[in-house]
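Q: Structure in structure tokens, see below.
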Amino acid sequence: MKGGNTLRYYIALASVFVELLKGDGKIYVKTCTTSNTIYCWEDIDFRLAEKRVKKLQKRVANAWKLGERDKAMSLQHTLIHSVYAKALAVKTVTSKKGKYTPGVDGVLWLTPEDKWQAVQSLNRRGYRPRPLKRIYISKPDGTKRPLSIPTMKDRAMQTLYKMALEPVAEVTADHNSYGFRPARCTRDAIIKCAEALSTNPSPEWILEADIQACFDNISHDWVMKHIPMEPSILKKMLKSSYLYKHRLYPVEKGLPQGGCLSPVICNMVLDGLEKELYNQFQSKVQFIRYADDFIMIGTSGNELAKMVVPAANAFLSQRGLNLANEKTGIVHIKEGFDFLGWNVYRNQDGIQIRPSRKNIEAILNKLEKLFSKDSYKSSDELLKILYPILAGWVNYHRDIVGCSLYHIIIYDLRRMSKGKPIAEQAVSFFG
């Protein structure tokens, strides 16, 4: 750390501690170059808080981009101690669906008083995560996915550190990575996929890849060496045990699925694969990733199988990961392939995108279960449940899929409702 940066770093730390230790029962905060006095939850100006935190995040990103890592980490430290950032972390975890799902301690933050006390409790000094509450969720293939539920305080602490880490993750991210990133979504990934397959000369072979139990197998040693986060806090979060059926289990590898910080760390673990493939194969191979699900597009199926797959596995093995053989395969574009709920193929009219068969079956099965129940007192009660499901499915595929594809859902919707007027009301989503 350079002399000037060292001095500024310790001045920033000193100012934070002086403001936090005034000791009269109130928190006097100096955040992002301005002073403010906050007495309770209702006093917090969240618009101003977001503005100040985003400004500080931009400074973190710019410092990292310029190679000034010590300055970036000093700014991260300032952000983590900012009461504005702490308040936004509490607001985030108390605004999500999981706000009514407690961790092992059974604590929820429902009142303004609870939330204000939570803001005051988010301190790195003396922080020790509680064990995670483990549940298992059924997957379409019959297997079960482990989900680890942190306590409210641990969620807020992870969200706070996520705010500090995310600017660095964005600077170092792969160009064609779309999952768990701000202002990016599955639609961006599928559009990029169509663009890559429409180039001239157009590639015709696609490697569909999936990482074997990605979150469960990530190497803790690799994360500790490469993730720019306070080591003591990072280690505590990684090694947090989980509670299942009143028994405590230690954790030696992997990231908790359900943790607020896990998606950002997972992205940083996988970032660099696109660059590695470009260094070895140049523009012969194009790479598109959404979280741990990705495709590689090339001109030769043989090259993808014999050269690209080993290169990808070599990169992943350093991080404790490998490709799932049963979910990894090579197909020709005329046969089509599934990616993120869509089926992509080429015909005489060019690249075509439609909902995948699995995606259509999933929505139809969900609708059929709804119509098979007799517990609904009225059509209005059923519509309240039906509308969000249909709206979500339509909005996911809107502007990507042609309207004619919706006829499949409309036909089955009418069939399952057995001619009831409720079907015509629900069909309005597709009109």
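Residues in the structure tokens are named by chain (A, B, ... in the order shown) and by number from 1 within that chain; ligands are numbered from 1 in the order shown.
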Can I get the residues of region 170-237 of chain A within 12 Å of region 308-314 of chain A, each with the closest pair of atoms and their distance in Å to one decimal, using only C-alpha atoms, sorted chain first then ascending number, as CSV?
A:
residue,atom,partner,partner_atom,distance
A:Ile206,CA,A:Val308,CA,11.3
A:Leu207,CA,A:Val309,CA,8.6
A:Glu208,CA,A:Val309,CA,10.4
A:Ala209,CA,A:Val309,CA,9.0
A:Asp210,CA,A:Ala312,CA,11.1
A:Ile211,CA,A:Asn313,CA,9.5
A:Gln212,CA,A:Asn313,CA,11.0
Q: Residues as selected, N, CA, C and O atoms, written as a PDB file, in the first residue's frame, can you do that?
A:
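Printed below is selection.pdb as written:
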ATOM      1  N   ILE A 206     -23.129 -26.935 -31.055  1.00  0.00           N
ATOM      2  CA  ILE A 206     -23.326 -26.351 -29.727  1.00  0.00           C
ATOM      3  C   ILE A 206     -22.999 -27.391 -28.661  1.00  0.00           C
ATOM      4  O   ILE A 206     -23.492 -28.525 -28.700  1.00  0.00           O
ATOM      5  N   LEU A 207     -22.159 -26.986 -27.730  1.00  0.00           N
ATOM      6  CA  LEU A 207     -21.862 -27.802 -26.558  1.00  0.00           C
ATOM      7  C   LEU A 207     -22.724 -27.304 -25.409  1.00  0.00           C
ATOM      8  O   LEU A 207     -22.563 -26.178 -24.929  1.00  0.00           O
ATOM      9  N   GLU A 208     -23.694 -28.124 -24.986  1.00  0.00           N
ATOM     10  CA  GLU A 208     -24.519 -27.797 -23.819  1.00  0.00           C
ATOM     11  C   GLU A 208     -23.811 -28.338 -22.582  1.00  0.00           C
ATOM     12  O   GLU A 208     -23.515 -29.519 -22.501  1.00  0.00           O
ATOM     13  N   ALA A 209     -23.531 -27.455 -21.633  1.00  0.00           N
ATOM     14  CA  ALA A 209     -22.740 -27.864 -20.476  1.00  0.00           C
ATOM     15  C   ALA A 209     -23.426 -27.463 -19.172  1.00  0.00           C
ATOM     16  O   ALA A 209     -24.129 -26.457 -19.106  1.00  0.00           O
ATOM     17  N   ASP A 210     -23.206 -28.262 -18.164  1.00  0.00           N
ATOM     18  CA  ASP A 210     -23.708 -27.968 -16.831  1.00  0.00           C
ATOM     19  C   ASP A 210     -22.673 -28.469 -15.833  1.00  0.00           C
ATOM     20  O   ASP A 210     -22.099 -29.541 -16.011  1.00  0.00           O
ATOM     21  N   ILE A 211     -22.430 -27.693 -14.800  1.00  0.00           N
ATOM     22  CA  ILE A 211     -21.419 -28.055 -13.818  1.00  0.00           C
ATOM     23  C   ILE A 211     -22.031 -28.957 -12.751  1.00  0.00           C
ATOM     24  O   ILE A 211     -23.121 -28.688 -12.238  1.00  0.00           O
ATOM     25  N   GLN A 212     -21.315 -30.008 -12.412  1.00  0.00           N
ATOM     26  CA  GLN A 212     -21.795 -30.985 -11.436  1.00  0.00           C
ATOM     27  C   GLN A 212     -21.874 -30.356 -10.044  1.00  0.00           C
ATOM     28  O   GLN A 212     -20.857 -29.974  -9.467  1.00  0.00           O
TER      29      GLN A 212
END
Q: Would you pick out the contacts of Pro129 (chain A) at 8 Å or less, using only C-alpha atoms, so that residues sharing its chain but fewer than 2 positions from it are not included, and give the list as a PyMOL selection string?
A: chain A and resi 127+131+154+236-237+240
Q: Need to verify the contact set: Leu108 (chain A), 10 Å, only C-alpha atoms, exclusion of same-chain residues closer than 2 positions in sequence. Can you return it as number ranges by chain?
A: A: 94, 98-103, 105-106, 110-111, 114-115, 151-153
Q: Take CA of Ala305 (chain A) and CA of Trp205 (chain A) and report the distance between them in Å, one decimal.
A: 10.4 Å
Q: Just list the residues in region 177-273 of chain A DSSP gives helix (DSSP H, G or I) on the backbone, as a ChimeraX atom specification.
A: /A:186-197,214-217,220-226,231-238,262-270,273
Q: Kindly give the distance, in Å, that separates CA of Leu255 (chain A) and CA of Asp216 (chain A), rounded to a single decimal.
A: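 Calculated distance between CA of Leu255 (chain A) and CA of Asp216 (chain A) is 5.9 Å.
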Q: Name the closest residue to Trp64 (chain A) among the candidates A:Gln158, A:Ser95, A:Asn359, A:Thr172; distances are taken between atoms, counting only C-alpha atoms.
A: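 Looking at the shortest contact to Trp64 (chain A), the residue is A:Thr172.
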Q: Grab the CA of Cys185 (chain A) to CA of Val264 (chain A) distance for me, in Å with one decimal place.
A: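 Distance reported for this atom pair: 14.6 Å.
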Q: Write out as a VMD selection string which residues come within 12 Å of Met229 (chain A) when counting only C-alpha atoms, dropping same-chain ones fewer than 2 positions away.
A: chain A and resid 69 to 70 72 to 77 80 158 160 to 169 223 to 227 231 to 237 261 264 to 265 268
Q: Just write the chosen residues, N, CA, C and O atoms, as a short mmCIF file (atom, residue, chain, number, x, y, z; two decimals), in the first residue's frame.
A:
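As written to disk, selection.cif reads:
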data_model
loop_
_atom_site.label_atom_id
_atom_site.label_comp_id
_atom_site.auth_asym_id
_atom_site.auth_seq_id
_atom_site.Cartn_x
_atom_site.Cartn_y
_atom_site.Cartn_z
N ARG A 69 -5.79 -1.55 -5.76
CA ARG A 69 -6.52 -2.51 -4.94
C ARG A 69 -6.61 -2.10 -3.47
O ARG A 69 -7.62 -2.33 -2.82
N ASP A 70 -5.53 -1.51 -2.95
CA ASP A 70 -5.56 -1.08 -1.55
C ASP A 70 -6.62 0.00 -1.35
O ASP A 70 -7.34 0.01 -0.35
N ALA A 72 -9.30 0.40 -3.21
CA ALA A 72 -10.61 -0.25 -3.37
C ALA A 72 -11.03 -0.94 -2.07
O ALA A 72 -12.19 -0.82 -1.64
N MET A 73 -10.09 -1.63 -1.42
CA MET A 73 -10.42 -2.34 -0.19
C MET A 73 -10.69 -1.36 0.96
O MET A 73 -11.53 -1.63 1.83
N SER A 74 -10.00 -0.22 0.94
CA SER A 74 -10.28 0.81 1.94
C SER A 74 -11.71 1.36 1.76
O SER A 74 -12.44 1.57 2.73
N LEU A 75 -12.10 1.57 0.51
CA LEU A 75 -13.46 2.05 0.23
C LEU A 75 -14.50 1.00 0.59
O LEU A 75 -15.60 1.33 1.07
N GLN A 76 -14.17 -0.27 0.37
CA GLN A 76 -15.07 -1.35 0.79
C GLN A 76 -15.29 -1.31 2.30
O GLN A 76 -16.40 -1.49 2.79
N HIS A 77 -14.20 -1.09 3.03
CA HIS A 77 -14.28 -1.00 4.48
C HIS A 77 -15.20 0.15 4.90
O HIS A 77 -16.02 0.01 5.83
N ILE A 80 -18.86 -0.86 4.30
CA ILE A 80 -19.37 -1.85 5.25
C ILE A 80 -19.74 -1.20 6.58
O ILE A 80 -20.66 -1.64 7.27
N GLN A 158 -24.56 -10.73 5.05
CA GLN A 158 -24.15 -11.17 3.71
C GLN A 158 -24.51 -10.12 2.66
O GLN A 158 -23.74 -9.86 1.72
N LEU A 160 -24.79 -6.92 3.15
CA LEU A 160 -23.88 -5.79 3.36
C LEU A 160 -22.55 -6.04 2.67
O LEU A 160 -22.03 -5.17 1.95
N TYR A 161 -21.99 -7.24 2.85
CA TYR A 161 -20.71 -7.56 2.21
C TYR A 161 -20.87 -7.75 0.70
O TYR A 161 -19.94 -7.52 -0.07
N LYS A 162 -22.07 -8.16 0.28
CA LYS A 162 -22.34 -8.25 -1.15
C LYS A 162 -22.25 -6.87 -1.81
O LYS A 162 -21.72 -6.73 -2.91
N MET A 163 -22.77 -5.83 -1.13
CA MET A 163 -22.68 -4.47 -1.65
C MET A 163 -21.23 -4.05 -1.88
O MET A 163 -20.94 -3.33 -2.84
N ALA A 164 -20.34 -4.49 -1.01
CA ALA A 164 -18.93 -4.13 -1.13
C ALA A 164 -18.21 -4.97 -2.17
O ALA A 164 -17.29 -4.49 -2.84
N LEU A 165 -18.63 -6.23 -2.33
CA LEU A 165 -17.94 -7.14 -3.25
C LEU A 165 -18.43 -7.03 -4.68
O LEU A 165 -17.66 -7.21 -5.64
N GLU A 166 -19.71 -6.72 -4.87
CA GLU A 166 -20.31 -6.72 -6.20
C GLU A 166 -19.63 -5.77 -7.20
O GLU A 166 -19.48 -6.14 -8.37
N PRO A 167 -19.19 -4.56 -6.79
CA PRO A 167 -18.49 -3.70 -7.75
C PRO A 167 -17.23 -4.34 -8.33
O PRO A 167 -16.94 -4.19 -9.52
N VAL A 168 -16.50 -5.07 -7.49
CA VAL A 168 -15.30 -5.76 -7.97
C VAL A 168 -15.69 -6.90 -8.89
O VAL A 168 -15.07 -7.13 -9.94
N ALA A 169 -16.75 -7.64 -8.52
CA ALA A 169 -17.23 -8.75 -9.35
C ALA A 169 -17.64 -8.27 -10.74
O ALA A 169 -17.40 -8.96 -11.74
N VAL A 223 -11.47 -20.05 -2.95
CA VAL A 223 -12.23 -18.85 -2.61
C VAL A 223 -11.44 -17.96 -1.66
O VAL A 223 -11.35 -16.74 -1.85
N MET A 224 -10.82 -18.55 -0.64
CA MET A 224 -10.06 -17.77 0.33
C MET A 224 -8.87 -17.06 -0.31
O MET A 224 -8.51 -15.96 0.08
N LYS A 225 -8.28 -17.67 -1.33
CA LYS A 225 -7.11 -17.08 -1.98
C LYS A 225 -7.46 -16.01 -3.00
O LYS A 225 -6.67 -15.10 -3.25
N HIS A 226 -8.65 -16.09 -3.61
CA HIS A 226 -8.92 -15.25 -4.77
C HIS A 226 -10.07 -14.25 -4.61
O HIS A 226 -10.22 -13.36 -5.45
N ILE A 227 -10.90 -14.39 -3.59
CA ILE A 227 -12.02 -13.46 -3.44
C ILE A 227 -11.58 -12.28 -2.56
O ILE A 227 -11.18 -12.48 -1.41
N PRO A 231 -10.74 -11.65 5.04
CA PRO A 231 -10.57 -13.10 5.20
C PRO A 231 -11.29 -13.69 6.40
O PRO A 231 -11.88 -14.77 6.30
N SER A 232 -11.26 -13.01 7.54
CA SER A 232 -11.87 -13.59 8.74
C SER A 232 -13.38 -13.73 8.59
O SER A 232 -13.96 -14.76 8.96
N ILE A 233 -14.03 -12.71 8.02
CA ILE A 233 -15.48 -12.78 7.80
C ILE A 233 -15.81 -13.81 6.73
O ILE A 233 -16.76 -14.59 6.87
N LEU A 234 -15.04 -13.82 5.64
CA LEU A 234 -15.29 -14.77 4.55
C LEU A 234 -15.18 -16.21 5.06
O LEU A 234 -16.03 -17.05 4.74
N LYS A 235 -14.17 -16.48 5.86
CA LYS A 235 -13.99 -17.84 6.38
C LYS A 235 -15.15 -18.25 7.27
O LYS A 235 -15.64 -19.38 7.20
N LYS A 236 -15.61 -17.33 8.12
CA LYS A 236 -16.74 -17.64 8.99
C LYS A 236 -17.99 -17.96 8.18
O LYS A 236 -18.73 -18.88 8.52
N MET A 237 -18.22 -17.20 7.11
CA MET A 237 -19.40 -17.44 6.29
C MET A 237 -19.30 -18.75 5.53
O MET A 237 -20.28 -19.48 5.38
N LEU A 261 -24.88 -13.88 -0.42
CA LEU A 261 -23.56 -13.62 -1.01
C LEU A 261 -23.12 -14.71 -1.97
O LEU A 261 -22.26 -14.48 -2.83
N VAL A 264 -22.81 -14.15 -5.96
CA VAL A 264 -21.71 -13.28 -6.39
C VAL A 264 -20.39 -14.03 -6.34
O VAL A 264 -19.58 -13.96 -7.27
N ILE A 265 -20.16 -14.77 -5.26
CA ILE A 265 -18.92 -15.54 -5.14
C ILE A 265 -18.87 -16.62 -6.22
O ILE A 265 -17.82 -16.85 -6.85
N MET A 268 -17.78 -15.14 -9.43
CA MET A 268 -16.35 -14.82 -9.43
C MET A 268 -15.49 -16.07 -9.56
O MET A 268 -14.40 -16.02 -10.13
#
Q: Kindly indicate which residue among A:Leu323, A:Ile288, A:Val171, A:Cys260 lies nearest to Lys58 (chain A), using only C-alpha atoms for the distances.
A: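 For Lys58 (chain A), the nearest of the given residues is A:Val171.
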